[in-house]
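What follows is the content of target-v6.txt, which has compact mmCIF, C-alpha atoms and all ligand atoms:
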```txt
# COMPACT_ATOMS: atom_id res chain seq x y z
CA MET A 11 8.33 21.58 13.88
CA THR A 12 9.49 18.28 15.31
CA THR A 13 9.78 15.46 12.80
CA ILE A 14 9.47 11.91 14.07
CA LEU A 15 10.29 8.87 11.96
CA VAL A 16 7.88 6.09 12.86
CA THR A 17 9.24 2.71 11.79
CA GLY A 18 6.40 0.18 11.58
CA GLY A 19 4.02 3.14 11.53
CA ALA A 20 1.52 1.31 9.32
CA GLY A 21 1.05 -1.45 11.92
CA PHE A 22 -1.42 -1.77 14.77
CA ILE A 23 0.22 0.35 17.48
CA GLY A 24 2.17 2.50 15.00
CA SER A 25 -0.93 3.68 13.12
CA HIS A 26 -2.66 4.75 16.33
CA THR A 27 0.50 6.53 17.47
CA VAL A 28 0.86 8.40 14.17
CA ILE A 29 -2.62 9.85 14.69
CA GLU A 30 -1.87 11.00 18.24
CA LEU A 31 1.43 12.51 17.05
CA VAL A 32 -0.38 14.57 14.42
CA LYS A 33 -2.96 15.65 16.98
CA ALA A 34 -0.18 16.77 19.32
CA GLY A 35 1.48 18.88 16.59
CA TYR A 36 4.35 16.58 15.58
CA GLU A 37 5.27 15.72 11.98
CA PRO A 38 5.41 11.94 11.70
CA ILE A 39 6.92 10.10 8.72
CA ILE A 40 5.96 6.44 8.41
CA PHE A 41 8.64 3.93 7.37
CA ASP A 42 7.30 0.43 6.80
CA ASN A 43 7.92 -2.56 4.55
CA PHE A 44 4.26 -3.64 4.85
CA SER A 45 5.25 -7.18 5.78
CA ASN A 46 2.44 -7.07 8.37
CA ALA A 47 0.36 -4.10 7.29
CA LYS A 48 -1.84 -3.04 4.41
CA PRO A 49 -1.45 0.20 2.43
CA ALA A 50 -5.20 0.83 2.98
CA VAL A 51 -4.34 1.97 6.50
CA LEU A 52 -2.80 5.16 5.07
CA ALA A 53 -6.11 6.46 3.67
CA ARG A 54 -7.80 5.66 7.00
CA ILE A 55 -5.15 7.64 8.89
CA HIS A 56 -5.70 10.50 6.47
CA LYS A 57 -9.46 10.34 7.07
CA ILE A 58 -9.06 10.41 10.87
CA CYS A 59 -6.53 13.22 11.13
CA GLY A 60 -7.44 15.21 8.02
CA LYS A 61 -3.82 15.16 6.92
CA ARG A 62 -1.80 13.01 4.59
CA VAL A 63 1.05 11.52 6.61
CA PRO A 64 4.13 10.86 4.45
CA CYS A 65 5.02 7.19 4.12
CA CYS A 66 8.23 5.59 2.86
CA PHE A 67 8.10 1.98 1.76
CA GLY A 68 11.31 0.51 3.08
CA ASP A 69 12.97 -2.11 5.21
CA ILE A 70 14.94 -1.17 8.32
CA ARG A 71 17.56 -3.77 7.41
CA VAL A 72 18.41 -1.92 4.21
CA ARG A 73 20.70 0.94 5.18
CA GLN A 74 20.31 2.75 1.89
CA GLN A 75 16.52 2.91 2.21
CA LEU A 76 16.79 4.43 5.68
CA GLU A 77 19.52 6.81 4.56
CA THR A 78 17.29 8.22 1.84
CA VAL A 79 14.80 9.33 4.51
CA PHE A 80 17.50 10.81 6.75
CA LYS A 81 19.07 12.65 3.80
CA GLU A 82 15.78 14.14 2.65
CA ASN A 83 14.42 15.10 6.09
CA LYS A 84 15.75 16.42 9.34
CA ILE A 85 14.63 13.63 11.65
CA ASP A 86 14.47 14.75 15.29
CA GLY A 87 13.60 11.37 16.73
CA VAL A 88 12.62 7.82 15.89
CA ILE A 89 9.83 5.75 17.37
CA HIS A 90 10.80 2.21 16.50
CA PHE A 91 7.84 -0.17 16.14
CA ALA A 92 9.07 -2.15 13.12
CA GLY A 93 9.53 -5.79 13.97
CA LEU A 94 8.09 -9.26 13.79
CA LYS A 95 5.98 -10.13 16.82
CA ALA A 96 4.49 -13.63 16.64
CA VAL A 97 5.87 -15.68 19.53
CA GLY A 98 5.06 -19.11 18.02
CA GLU A 99 6.48 -18.17 14.63
CA SER A 100 9.67 -16.94 16.31
CA VAL A 101 10.22 -20.40 17.79
CA LYS A 102 10.03 -21.90 14.30
CA LYS A 103 12.03 -19.15 12.57
CA PRO A 104 14.51 -17.81 15.15
CA LEU A 105 17.07 -16.57 12.62
CA GLU A 106 14.44 -14.56 10.73
CA TYR A 107 13.45 -12.91 14.03
CA TYR A 108 17.04 -12.05 14.99
CA ASP A 109 17.65 -10.72 11.49
CA ASN A 110 14.51 -8.63 11.22
CA ASN A 111 14.33 -7.36 14.80
CA VAL A 112 17.90 -7.25 16.11
CA ASN A 113 19.82 -6.72 12.89
CA GLY A 114 17.15 -4.29 11.64
CA SER A 115 17.43 -2.27 14.87
CA ARG A 116 21.23 -2.29 14.59
CA VAL A 117 21.09 -0.82 11.08
CA LEU A 118 18.57 1.78 12.24
CA LEU A 119 20.74 2.81 15.22
CA GLU A 120 23.78 2.97 12.96
CA VAL A 121 22.03 5.34 10.55
CA MET A 122 20.73 7.44 13.48
CA ARG A 123 24.27 7.71 14.86
CA ASP A 124 25.72 8.66 11.48
CA TYR A 125 23.05 11.29 10.84
CA LYS A 126 23.26 12.64 14.41
CA CYS A 127 19.70 11.81 15.29
CA SER A 128 19.90 11.11 19.00
CA ASN A 129 16.36 10.30 20.14
CA PHE A 130 15.33 6.64 20.08
CA ILE A 131 12.04 5.40 21.48
CA PHE A 132 11.67 1.64 21.39
CA SER A 133 8.65 -0.71 21.55
CA SER A 134 9.73 -3.15 24.19
CA SER A 135 7.49 -5.56 26.02
CA ALA A 136 6.61 -6.85 29.47
CA THR A 137 7.85 -10.15 28.09
CA VAL A 138 11.37 -9.03 29.15
CA TYR A 139 10.34 -9.70 32.78
CA GLY A 140 9.62 -13.39 32.05
CA GLU A 141 7.71 -15.16 34.83
CA PRO A 142 7.55 -12.42 37.49
CA ASP A 143 8.75 -13.15 41.02
CA LYS A 144 6.20 -10.65 42.21
CA VAL A 145 3.52 -8.37 40.78
CA PRO A 146 2.94 -5.56 40.07
CA LEU A 147 6.08 -5.22 37.96
CA THR A 148 8.19 -2.12 38.39
CA GLU A 149 10.88 -1.05 35.94
CA ASP A 150 13.45 -2.39 38.44
CA SER A 151 12.03 -5.91 38.32
CA PRO A 152 14.68 -8.28 36.96
CA VAL A 153 14.91 -8.83 33.22
CA LYS A 154 15.06 -12.56 32.64
CA ARG A 155 16.18 -14.73 29.79
CA ALA A 156 13.18 -14.88 27.50
CA ASN A 157 11.37 -18.10 26.73
CA SER A 158 11.02 -17.32 23.03
CA PRO A 159 13.29 -15.90 20.33
CA TYR A 160 10.80 -13.02 19.97
CA GLY A 161 11.18 -12.09 23.65
CA GLN A 162 14.95 -12.43 23.45
CA THR A 163 15.09 -9.99 20.52
CA LYS A 164 13.38 -7.39 22.74
CA ILE A 165 16.01 -7.88 25.46
CA ASP A 166 18.85 -7.78 22.93
CA ILE A 167 17.60 -4.55 21.35
CA GLU A 168 17.17 -2.93 24.78
CA TYR A 169 20.80 -3.81 25.62
CA MET A 170 22.13 -2.70 22.23
CA ALA A 171 20.46 0.72 22.55
CA GLU A 172 21.70 1.10 26.13
CA GLU A 173 25.26 0.26 25.08
CA LEU A 174 25.12 2.84 22.30
CA GLN A 175 23.84 5.43 24.77
CA ARG A 176 26.83 4.68 27.02
CA ALA A 177 29.13 5.34 24.08
CA ILE A 178 27.31 8.55 23.04
CA PRO A 179 26.13 10.31 26.22
CA GLU A 180 23.89 12.82 24.43
CA PHE A 181 21.95 9.92 22.91
CA SER A 182 18.49 9.57 24.44
CA VAL A 183 17.09 6.05 24.68
CA THR A 184 13.55 5.47 25.86
CA LEU A 185 12.45 1.88 26.37
CA LEU A 186 8.69 1.51 26.61
CA ARG A 187 7.63 -1.85 27.96
CA TYR A 188 4.09 -2.49 26.81
CA PHE A 189 1.75 -4.77 28.66
CA ASN A 190 -1.15 -6.15 26.53
CA PRO A 191 -2.30 -3.67 23.88
CA VAL A 192 -5.93 -4.15 22.80
CA GLY A 193 -8.84 -2.05 21.52
CA ALA A 194 -8.95 0.11 18.42
CA HIS A 195 -9.47 3.70 17.40
CA GLU A 196 -12.93 4.86 18.45
CA SER A 197 -13.75 5.81 14.84
CA GLY A 198 -13.74 2.09 13.95
CA LEU A 199 -11.50 2.93 10.98
CA ILE A 200 -8.24 1.45 12.20
CA GLY A 201 -7.48 -1.52 14.43
CA GLU A 202 -5.60 -4.78 14.70
CA ASP A 203 -5.65 -6.87 11.52
CA PRO A 204 -3.90 -10.17 12.28
CA ARG A 205 -3.00 -12.55 9.48
CA GLY A 206 -4.80 -15.90 9.72
CA ILE A 207 -6.07 -17.23 13.02
CA PRO A 208 -5.11 -14.83 15.82
CA ASN A 209 -2.73 -15.96 18.55
CA ASN A 210 -3.60 -13.23 21.02
CA LEU A 211 -6.69 -13.20 23.18
CA MET A 212 -8.46 -9.99 22.13
CA PRO A 213 -8.47 -10.49 18.35
CA TYR A 214 -9.56 -14.09 18.92
CA LEU A 215 -12.42 -12.94 21.18
CA THR A 216 -13.61 -10.38 18.64
CA GLN A 217 -13.59 -12.96 15.84
CA VAL A 218 -15.68 -15.31 17.97
CA ALA A 219 -18.02 -12.42 18.77
CA VAL A 220 -18.73 -11.76 15.08
CA GLY A 221 -19.04 -15.48 14.27
CA LYS A 222 -15.84 -15.70 12.23
CA LEU A 223 -14.48 -18.28 14.69
CA PRO A 224 -16.80 -20.70 16.51
CA ILE A 225 -15.49 -20.75 20.08
CA LEU A 226 -12.74 -19.38 22.31
CA ASN A 227 -10.41 -21.92 23.89
CA ILE A 228 -9.34 -20.69 27.32
CA PHE A 229 -5.83 -21.98 27.83
CA GLY A 230 -5.83 -23.37 31.36
CA ASN A 231 -8.26 -22.97 34.28
CA ASP A 232 -6.06 -24.47 36.96
CA TYR A 233 -3.66 -21.58 37.54
CA PRO A 234 -3.25 -20.23 41.08
CA THR A 235 -5.45 -17.16 40.42
CA LYS A 236 -8.91 -16.08 41.60
CA ASP A 237 -10.73 -18.07 38.87
CA GLY A 238 -7.92 -20.35 37.64
CA THR A 239 -7.23 -18.38 34.42
CA CYS A 240 -4.17 -16.20 33.70
CA ILE A 241 -4.02 -12.53 34.63
CA ARG A 242 -2.83 -9.78 32.27
CA ASP A 243 -2.74 -5.99 32.13
CA TYR A 244 -4.76 -5.05 29.04
CA ILE A 245 -4.21 -1.49 27.84
CA HIS A 246 -6.22 0.41 25.22
CA VAL A 247 -4.07 1.08 22.15
CA VAL A 248 -5.01 4.79 22.14
CA ASP A 249 -3.77 5.15 25.74
CA LEU A 250 -0.60 3.38 24.64
CA ALA A 251 -0.24 5.73 21.67
CA LEU A 252 -0.61 8.71 24.02
CA GLY A 253 2.14 7.18 26.18
CA HIS A 254 4.49 7.61 23.21
CA VAL A 255 3.55 11.27 22.82
CA ALA A 256 4.18 11.79 26.55
CA ALA A 257 7.53 10.01 26.24
CA ILE A 258 8.59 12.25 23.36
CA LYS A 259 7.65 15.38 25.27
CA HIS A 260 9.63 14.27 28.29
CA CYS A 261 12.64 12.48 26.83
CA LEU A 262 13.47 14.37 23.62
CA ASN A 263 17.05 15.67 23.76
CA GLN A 264 17.42 14.73 27.43
CA GLY A 265 20.18 12.15 26.92
CA GLY A 266 20.32 9.02 29.05
CA VAL A 267 18.28 5.86 29.26
CA HIS A 268 14.63 6.08 30.30
CA ILE A 269 12.56 2.98 30.96
CA TYR A 270 8.80 2.96 31.47
CA ASN A 271 6.13 0.35 31.94
CA LEU A 272 3.07 1.24 29.88
CA GLY A 273 0.14 -0.57 31.44
CA THR A 274 -2.96 0.25 33.46
CA GLY A 275 -1.85 -1.42 36.69
CA ILE A 276 -5.03 -3.54 36.68
CA GLY A 277 -4.86 -7.29 36.18
CA TYR A 278 -7.81 -8.99 34.49
CA SER A 279 -8.24 -12.75 34.10
CA VAL A 280 -9.16 -14.43 30.82
CA LEU A 281 -12.63 -15.06 32.28
CA ASP A 282 -12.95 -11.34 33.18
CA MET A 283 -12.29 -10.61 29.49
CA VAL A 284 -14.86 -13.17 28.34
CA ASN A 285 -17.45 -11.72 30.72
CA ALA A 286 -16.73 -8.14 29.62
CA PHE A 287 -17.12 -9.20 26.01
CA SER A 288 -20.33 -11.10 26.68
CA LYS A 289 -21.69 -7.92 28.26
CA ALA A 290 -20.63 -5.83 25.26
CA ILE A 291 -22.39 -8.11 22.77
CA GLY A 292 -25.43 -8.84 24.96
CA ARG A 293 -25.04 -12.64 24.94
CA GLU A 294 -22.67 -15.22 26.31
CA LEU A 295 -19.55 -15.48 24.22
CA PRO A 296 -18.94 -19.15 23.30
CA HIS A 297 -15.96 -20.46 25.27
CA GLN A 298 -14.52 -23.69 26.63
CA PHE A 299 -11.57 -24.66 28.77
CA ALA A 300 -8.53 -26.15 27.06
CA PRO A 301 -5.07 -27.23 28.24
CA ARG A 302 -2.50 -24.64 29.28
CA ARG A 303 -0.49 -22.98 26.50
CA ALA A 304 3.27 -23.58 26.73
CA GLY A 305 5.23 -20.53 27.81
CA ASP A 306 2.34 -18.64 29.45
CA VAL A 307 3.11 -16.73 32.62
CA VAL A 308 0.51 -16.95 35.40
CA GLN A 309 0.12 -13.26 36.06
CA CYS A 310 1.64 -10.12 34.71
CA TYR A 311 0.59 -6.55 35.42
CA ALA A 312 2.36 -3.26 35.70
CA ASP A 313 3.13 -0.79 38.38
CA PRO A 314 2.65 2.22 36.07
CA SER A 315 3.47 4.86 38.70
CA LYS A 316 6.86 5.84 37.22
CA ALA A 317 5.22 6.85 33.92
CA ALA A 318 2.53 8.74 35.85
CA ARG A 319 5.13 10.59 37.91
CA GLU A 320 7.69 11.38 35.23
CA LEU A 321 5.71 11.43 31.98
CA ASN A 322 2.49 12.77 33.45
CA TRP A 323 0.77 9.93 31.60
CA LYS A 324 -1.85 7.49 32.76
CA ALA A 325 -4.03 4.98 30.92
CA VAL A 326 -7.61 6.19 31.36
CA ARG A 327 -9.66 3.94 29.06
CA THR A 328 -11.64 1.20 30.79
CA LEU A 329 -12.15 -2.46 30.01
CA GLU A 330 -15.57 -1.47 28.63
CA ASP A 331 -13.88 1.00 26.24
CA MET A 332 -11.42 -1.70 25.14
CA THR A 333 -14.09 -4.31 24.39
CA ARG A 334 -16.45 -1.80 22.72
CA ASP A 335 -13.75 -0.42 20.43
CA SER A 336 -12.33 -3.85 19.54
CA TYR A 337 -15.81 -5.12 18.72
CA ASN A 338 -16.70 -2.01 16.74
CA TRP A 339 -13.55 -2.34 14.61
CA GLN A 340 -14.16 -6.04 13.98
CA LYS A 341 -17.85 -5.51 13.13
CA ASN A 342 -17.12 -2.67 10.71
CA ASN A 343 -14.17 -4.47 9.12
CA PRO A 344 -14.83 -8.22 9.23
CA ASN A 345 -11.94 -8.79 6.83
CA GLY A 346 -9.69 -6.12 8.29
CA TYR A 347 -8.27 -3.73 5.70
CA ASP A 348 -9.19 -6.08 2.84
CA ASP A 349 -12.77 -4.76 2.52
P1 LIG B 401 2.46 -4.84 13.80
O1 LIG B 401 2.95 -6.08 13.17
O2 LIG B 401 1.04 -4.45 13.58
O3 LIG B 401 3.39 -3.61 13.40
C1 LIG B 401 4.75 -3.76 13.06
C2 LIG B 401 4.98 -3.06 11.75
O4 LIG B 401 6.35 -3.16 11.39
C3 LIG B 401 4.18 -3.67 10.59
O5 LIG B 401 3.49 -2.64 9.92
C4 LIG B 401 5.24 -4.31 9.68
O6 LIG B 401 4.87 -4.25 8.31
C5 LIG B 401 6.45 -3.45 10.01
N1 LIG B 401 7.74 -4.13 9.82
C6 LIG B 401 8.13 -5.34 10.25
N2 LIG B 401 9.39 -5.59 9.90
C7 LIG B 401 9.84 -4.51 9.23
C8 LIG B 401 11.07 -4.16 8.62
N3 LIG B 401 12.09 -5.02 8.59
N4 LIG B 401 11.19 -2.95 8.02
C9 LIG B 401 10.14 -2.09 8.02
N5 LIG B 401 8.96 -2.36 8.57
C10 LIG B 401 8.82 -3.56 9.18
O7 LIG B 401 2.74 -4.95 15.37
P2 LIG B 401 2.25 -4.04 16.57
O8 LIG B 401 1.32 -4.84 17.41
O9 LIG B 401 1.84 -2.70 16.09
O10 LIG B 401 3.61 -3.93 17.38
C11 LIG B 401 4.52 -2.87 17.17
C12 LIG B 401 5.75 -3.11 18.02
O11 LIG B 401 5.38 -3.23 19.39
C13 LIG B 401 6.50 -4.39 17.66
O12 LIG B 401 7.89 -4.14 17.75
C14 LIG B 401 6.06 -5.36 18.74
O13 LIG B 401 7.02 -6.35 18.98
C15 LIG B 401 5.91 -4.42 19.93
N6 LIG B 401 4.99 -4.96 20.94
C16 LIG B 401 3.73 -5.33 20.54
C17 LIG B 401 2.86 -5.88 21.49
C18 LIG B 401 1.48 -6.32 21.07
O14 LIG B 401 0.85 -7.08 21.81
N7 LIG B 401 0.93 -5.88 19.96
C19 LIG B 401 3.27 -6.02 22.82
C20 LIG B 401 4.55 -5.60 23.18
C21 LIG B 401 5.42 -5.06 22.22
C1 LIG B 402 1.69 -13.03 24.30
C2 LIG B 402 3.12 -13.53 24.17
C3 LIG B 402 4.05 -12.43 24.67
C4 LIG B 402 3.82 -11.13 23.88
C5 LIG B 402 2.33 -10.75 24.03
C6 LIG B 402 1.98 -9.51 23.26
C7 LIG B 402 3.02 -15.97 24.40
C8 LIG B 402 3.39 -17.13 25.26
N1 LIG B 402 3.29 -14.76 24.94
O1 LIG B 402 1.48 -12.73 25.62
O2 LIG B 402 5.40 -12.83 24.51
O3 LIG B 402 4.64 -10.10 24.38
O4 LIG B 402 1.52 -11.84 23.56
O5 LIG B 402 1.95 -9.75 21.89
O6 LIG B 402 2.54 -16.14 23.29
N2 LIG B 402 -5.56 -16.94 25.72
C9 LIG B 402 -6.56 -17.88 25.69
N3 LIG B 402 -7.04 -18.25 24.48
C10 LIG B 402 -6.60 -17.73 23.30
C11 LIG B 402 -5.58 -16.74 23.35
C12 LIG B 402 -5.07 -16.38 24.58
O7 LIG B 402 -6.99 -18.38 26.73
O8 LIG B 402 -7.09 -18.12 22.24
C13 LIG B 402 -5.03 -16.52 27.04
C14 LIG B 402 -3.54 -16.79 27.20
O9 LIG B 402 -3.32 -18.07 27.68
C15 LIG B 402 -3.16 -15.70 28.20
C16 LIG B 402 -4.12 -14.55 27.89
O10 LIG B 402 -5.19 -15.12 27.16
O11 LIG B 402 -3.41 -16.16 29.48
C17 LIG B 402 -3.48 -13.46 27.05
O12 LIG B 402 -2.88 -14.05 25.91
P1 LIG B 402 -2.19 -13.21 24.74
O13 LIG B 402 -3.15 -12.20 24.23
O14 LIG B 402 -1.62 -14.17 23.78
O15 LIG B 402 -1.03 -12.39 25.46
P2 LIG B 402 0.16 -12.87 26.41
O16 LIG B 402 0.03 -14.30 26.79
O17 LIG B 402 0.25 -11.92 27.52
```

Render the structure in this file as C-alpha cells.
Amino acid sequence: MTTILVTGGAGFIGSHTVIELVKAGYEPIIFDNFSNAKPAVLARIHKICGKRVPCCFGDIRVRQQLETVFKENKIDGVIHFAGLKAVGESVKKPLEYYDNNVNGSRVLLEVMRDYKCSNFIFSSSATVYGEPDKVPLTEDSPVKRANSPYGQTKIDIEYMAEELQRAIPEFSVTLLRYFNPVGAHESGLIGEDPRGIPNNLMPYLTQVAVGKLPILNIFGNDYPTKDGTCIRDYIHVVDLALGHVAAIKHCLNQGGVHIYNLGTGIGYSVLDMVNAFSKAIGRELPHQFAPRRAGDVVQCYADPSKAARELNWKAVRTLEDMTRDSYNWQKNNPNGYDD
C-alpha cells in the first residue's frame, strides 16, 4: 500500500487527482485548509470512487498540523497542489502569495525531510517559461523571471525543491509544469468552482453558456496568430490527473529531479474555444472583442514528448470532451458546490 499525501486535494486539480489515485490503487490522504475549496467536494469524491478518502483540515504553513499527519501515517510521497493561484490577486497581495506558496512549501519540505519522506511531486506551471522565444515549449526552454508574484512563487518553489534534492541525493523531486487545465469529471459531480467572477477563460465561457454572465470579452484580436487571438494548450483535468499517477509510478523512490510538461501539444486560439463551445451548446456563444489583457503571452503550448517517452503518459481527451465536461459540470452545478 502506497500512501500519498495530497496537499490542496480538495481543490480543482487535486480532487480529480485523488480519484485517479484511488482508481490506480494508491491510498491518498487529503490535506487542505479549504481557503479555496468547499467540504462538499469530499462527499462527491466518495460518491465517484465508492470510498471515503481521509481528509485533514490543515494549513501547510503550520508545521504542527503537518507533523500530526506524518506522525499518524507512513507517508510515501506528497503531491503538492496547495497554493494560491490568482494572478491578479497576487499582484495586489504579493506577500500573502510568497507566504502561502513559498513559505508553505518550505515548511512542507522541512517536515518531509525530518520524517524521511523523500518523494515530492509539485504543481508547477507553464508560466515559468514566460513569453516563449519559440513554441512548442520543451522542458529545456529557458525559465524566465515571471511577470507576476504568482508565477515567481512557482519558480522559487521549483528552485527550493531542486536545492534540497542536491543536498539529499535520495530525495526525488518531480516538477510537473501544467499548461491550461480545463474540463471536469465526466460524472458532472466535481469541477472547477471559482470564487466570484472567473479570471480564466474556460470557467468564464461556461458561465456565459449557462447565462450566469452575459458575454465573453476576448482580450485582444490583434496578436500575430492565425485569427489574432492568443494561443494556449488546454488540457482536460482528468488527463492531467492521470499525468500525476504516471509520474508517481515512474518517479517514486528514484531520486533526482524530474521535470515534465503536462499539455496536449495542441495550441488552440480563444476563438477556437468560443467556436467549440458554440458547437457544444448548439448556438453562438455571446462574445465581443476587448483590449489586450496586461501580462498575456501570445502563444504557449507544450512539446509533451518527454512525458510520453518517460512516463508513458499522453493526454487523450479532445477539445470536444473538454467543452462537454465543463458545460455539464456548470449546468448541473450552477452555483458550484453551494447547491
Ligand atoms: P485550487 O485553488 O482549486 O486548489 C488549491 C487547493 O489548495 C485549494 O483546495 C485550497 O483550499 C488549498 N490551499 C491553498 N492554500 C493552502 C494552505 N496554505 N494550506 C492548505 N491548503 C491550501 O487550484 P487548482 O486549480 O486545483 O490548482 C492546484 C495547483 O496547481 C496550484 O498550486 C496551482 O498554482 C497549480 N496550477 C494550476 C493551474 C490552473 O490553471 N488551475 C495551472 C498551473 C498550475
Ligand atoms: C493565466 C495566467 C497564468 C496561469 C494560468 C493558469 C495571466 C496573465 N496568466 O494564464 O499565469 O498560470 O492562467 O491558471 O493571468 N481570455 C479572454 N477572456 C477572458 C479570459 C481569458 O479572452 O475572459 C483569454 C486570455 O487573454 C488568454 C486565454 O483566454 O489569451 C487564456 O486565458 P486564461 O484562461 O486566463 O489562461 P492564461 O492566460 O494562459

As JSON: centre and edge lengths in Å, one decimal, of the axis-aligned box holding ligand LIG 402 (chain B) with 3 Å per side:
```
{"center_x": -0.8, "center_y": -13.9, "center_z": 25.7, "size_x": 18.5, "size_y": 14.9, "size_z": 13.6}
```

Q: With all atoms listed in the file counted, collect every polymer residue having an atom within 8 Å of ligand LIG 401 (chain B); state the result as number ranges by chain.
A: A: 17-25, 41-48, 67-71, 90-95, 110-111, 114, 132-137, 160, 164, 187-192, 202-204, 210

Q) Closest to Phe299 in chain A among A:Cys240, A:Ala251, A:Leu262, A:Ile228, using only C-alpha atoms? A) A:Ile228

(Q) Using all atoms listed in the file, which residues of the polymer chains come no farther than 9 Å from ligand LIG 402 (chain B)? I'd like the answer as a PyMOL selection string. (A) chain A and resi 95-98+134-138+140+156-158+160-161+188-192+208-215+226-231+239-244+279-281+283+299-300+302-310

Q. Which residue gives the smallest distance to Thr216 in chain A among A:Ile14, A:Ile39, A:Ile167, A:Ala286, with all atoms listed in the file counted?
A. A:Ala286

Q.
My list of candidates is A:Leu250, A:Ala290, A:Asp348, A:Leu186. Which is closest to Arg205 in chain A when distances are computed with only C-alpha atoms?
A.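 Nearest to Arg205 in chain A: A:Asp348.
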
Q: Provide the CA of Ile269 in chain A to CA of Ala34 in chain A distance in Å, to one decimal place.
A: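 It comes out at 22.1 Å.
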
Shell around Asp86 in chain A at 12 Å using all atoms listed in the file, local window under 2 positions removed, as a PDB file with C-alpha atoms, in the frame of the given file:
```pdb
ATOM      1  CA  MET A  11       8.330  21.580  13.880  1.00  0.00           C
ATOM      2  CA  THR A  12       9.490  18.280  15.310  1.00  0.00           C
ATOM      3  CA  THR A  13       9.780  15.460  12.800  1.00  0.00           C
ATOM      4  CA  ILE A  14       9.470  11.910  14.070  1.00  0.00           C
ATOM      5  CA  LEU A  15      10.290   8.870  11.960  1.00  0.00           C
ATOM      6  CA  VAL A  16       7.880   6.090  12.860  1.00  0.00           C
ATOM      7  CA  TYR A  36       4.350  16.580  15.580  1.00  0.00           C
ATOM      8  CA  GLU A  37       5.270  15.720  11.980  1.00  0.00           C
ATOM      9  CA  PRO A  38       5.410  11.940  11.700  1.00  0.00           C
ATOM     10  CA  ILE A  39       6.920  10.100   8.720  1.00  0.00           C
ATOM     11  CA  PHE A  80      17.500  10.810   6.750  1.00  0.00           C
ATOM     12  CA  ASN A  83      14.420  15.100   6.090  1.00  0.00           C
ATOM     13  CA  LYS A  84      15.750  16.420   9.340  1.00  0.00           C
ATOM     14  CA  VAL A  88      12.620   7.820  15.890  1.00  0.00           C
ATOM     15  CA  ILE A  89       9.830   5.750  17.370  1.00  0.00           C
ATOM     16  CA  MET A 122      20.730   7.440  13.480  1.00  0.00           C
ATOM     17  CA  TYR A 125      23.050  11.290  10.840  1.00  0.00           C
ATOM     18  CA  LYS A 126      23.260  12.640  14.410  1.00  0.00           C
ATOM     19  CA  CYS A 127      19.700  11.810  15.290  1.00  0.00           C
ATOM     20  CA  SER A 128      19.900  11.110  19.000  1.00  0.00           C
ATOM     21  CA  ASN A 129      16.360  10.300  20.140  1.00  0.00           C
ATOM     22  CA  PHE A 130      15.330   6.640  20.080  1.00  0.00           C
ATOM     23  CA  ILE A 131      12.040   5.400  21.480  1.00  0.00           C
ATOM     24  CA  PHE A 181      21.950   9.920  22.910  1.00  0.00           C
ATOM     25  CA  SER A 182      18.490   9.570  24.440  1.00  0.00           C
ATOM     26  CA  ILE A 258       8.590  12.250  23.360  1.00  0.00           C
ATOM     27  CA  CYS A 261      12.640  12.480  26.830  1.00  0.00           C
ATOM     28  CA  LEU A 262      13.470  14.370  23.620  1.00  0.00           C
ATOM     29  CA  ASN A 263      17.050  15.670  23.760  1.00  0.00           C
TER      30      ASN A 263
END
```

If you count all atoms listed in the file, which residues fall within 12 Å of Ile55 in chain A, apart from same-chain ones fewer than 3 positions away, as a CSV table (one decimal) with C-alpha atoms, keeping the file's coordinate frame?
```csv
chain,number,residue,atom,x,y,z
A,19,GLY,CA,4.0,3.1,11.5
A,20,ALA,CA,1.5,1.3,9.3
A,21,GLY,CA,1.0,-1.4,11.9
A,22,PHE,CA,-1.4,-1.8,14.8
A,24,GLY,CA,2.2,2.5,15.0
A,25,SER,CA,-0.9,3.7,13.1
A,26,HIS,CA,-2.7,4.8,16.3
A,27,THR,CA,0.5,6.5,17.5
A,28,VAL,CA,0.9,8.4,14.2
A,29,ILE,CA,-2.6,9.8,14.7
A,30,GLU,CA,-1.9,11.0,18.2
A,31,LEU,CA,1.4,12.5,17.0
A,32,VAL,CA,-0.4,14.6,14.4
A,33,LYS,CA,-3.0,15.6,17.0
A,38,PRO,CA,5.4,11.9,11.7
A,40,ILE,CA,6.0,6.4,8.4
A,49,PRO,CA,-1.4,0.2,2.4
A,50,ALA,CA,-5.2,0.8,3.0
A,51,VAL,CA,-4.3,2.0,6.5
A,52,LEU,CA,-2.8,5.2,5.1
A,58,ILE,CA,-9.1,10.4,10.9
A,59,CYS,CA,-6.5,13.2,11.1
A,60,GLY,CA,-7.4,15.2,8.0
A,61,LYS,CA,-3.8,15.2,6.9
A,62,ARG,CA,-1.8,13.0,4.6
A,63,VAL,CA,1.0,11.5,6.6
A,64,PRO,CA,4.1,10.9,4.4
A,65,CYS,CA,5.0,7.2,4.1
A,195,HIS,CA,-9.5,3.7,17.4
A,197,SER,CA,-13.8,5.8,14.8
A,198,GLY,CA,-13.7,2.1,14.0
A,199,LEU,CA,-11.5,2.9,11.0
A,200,ILE,CA,-8.2,1.4,12.2
A,201,GLY,CA,-7.5,-1.5,14.4
```

Q. Separation of CA of Val247 in chain A and CA of Leu105 in chain A, in Å?
A.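 About the pair CA of Val247 in chain A and CA of Leu105 in chain A: they are 29.1 Å apart.
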
**Q.** Point-to-point distance in Å for CA of Asp249 in chain A and CA of Ala325 in chain A
**A.** 5.2 Å

(Q) Counting only C-alpha atoms, which residue out of A:Ser315, A:Asn343, A:Asn285, A:Gln74 sits closest to Leu329 in chain A? (A)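 For Leu329 in chain A, the nearest of the candidates is A:Asn285.
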
Q: Counting only C-alpha atoms, figure out which residue out of A:Pro344, A:Gly266, A:Pro179, A:Pro314 gets nearest to Glu149 in chain A.
A: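 Residue with the minimum atom-to-atom distance to Glu149 in chain A: A:Pro314.
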
Q. Quick one: of A:Leu76, A:Leu295, A:Ala257, A:Val284, who's nearest to Glu320 in chain A, counting all atoms listed in the file?
A.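 Ranking A:Leu76, A:Leu295, A:Ala257, A:Val284 by distance to Glu320 in chain A, first place goes to A:Ala257.
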
Q | All residues 8 Å or closer to Ala312 in chain A, all atoms listed in the file, same chain fewer than 4 positions away omitted, as an MDAnalysis selection string | A | chainID A and resid 145:148 189 243 271:276
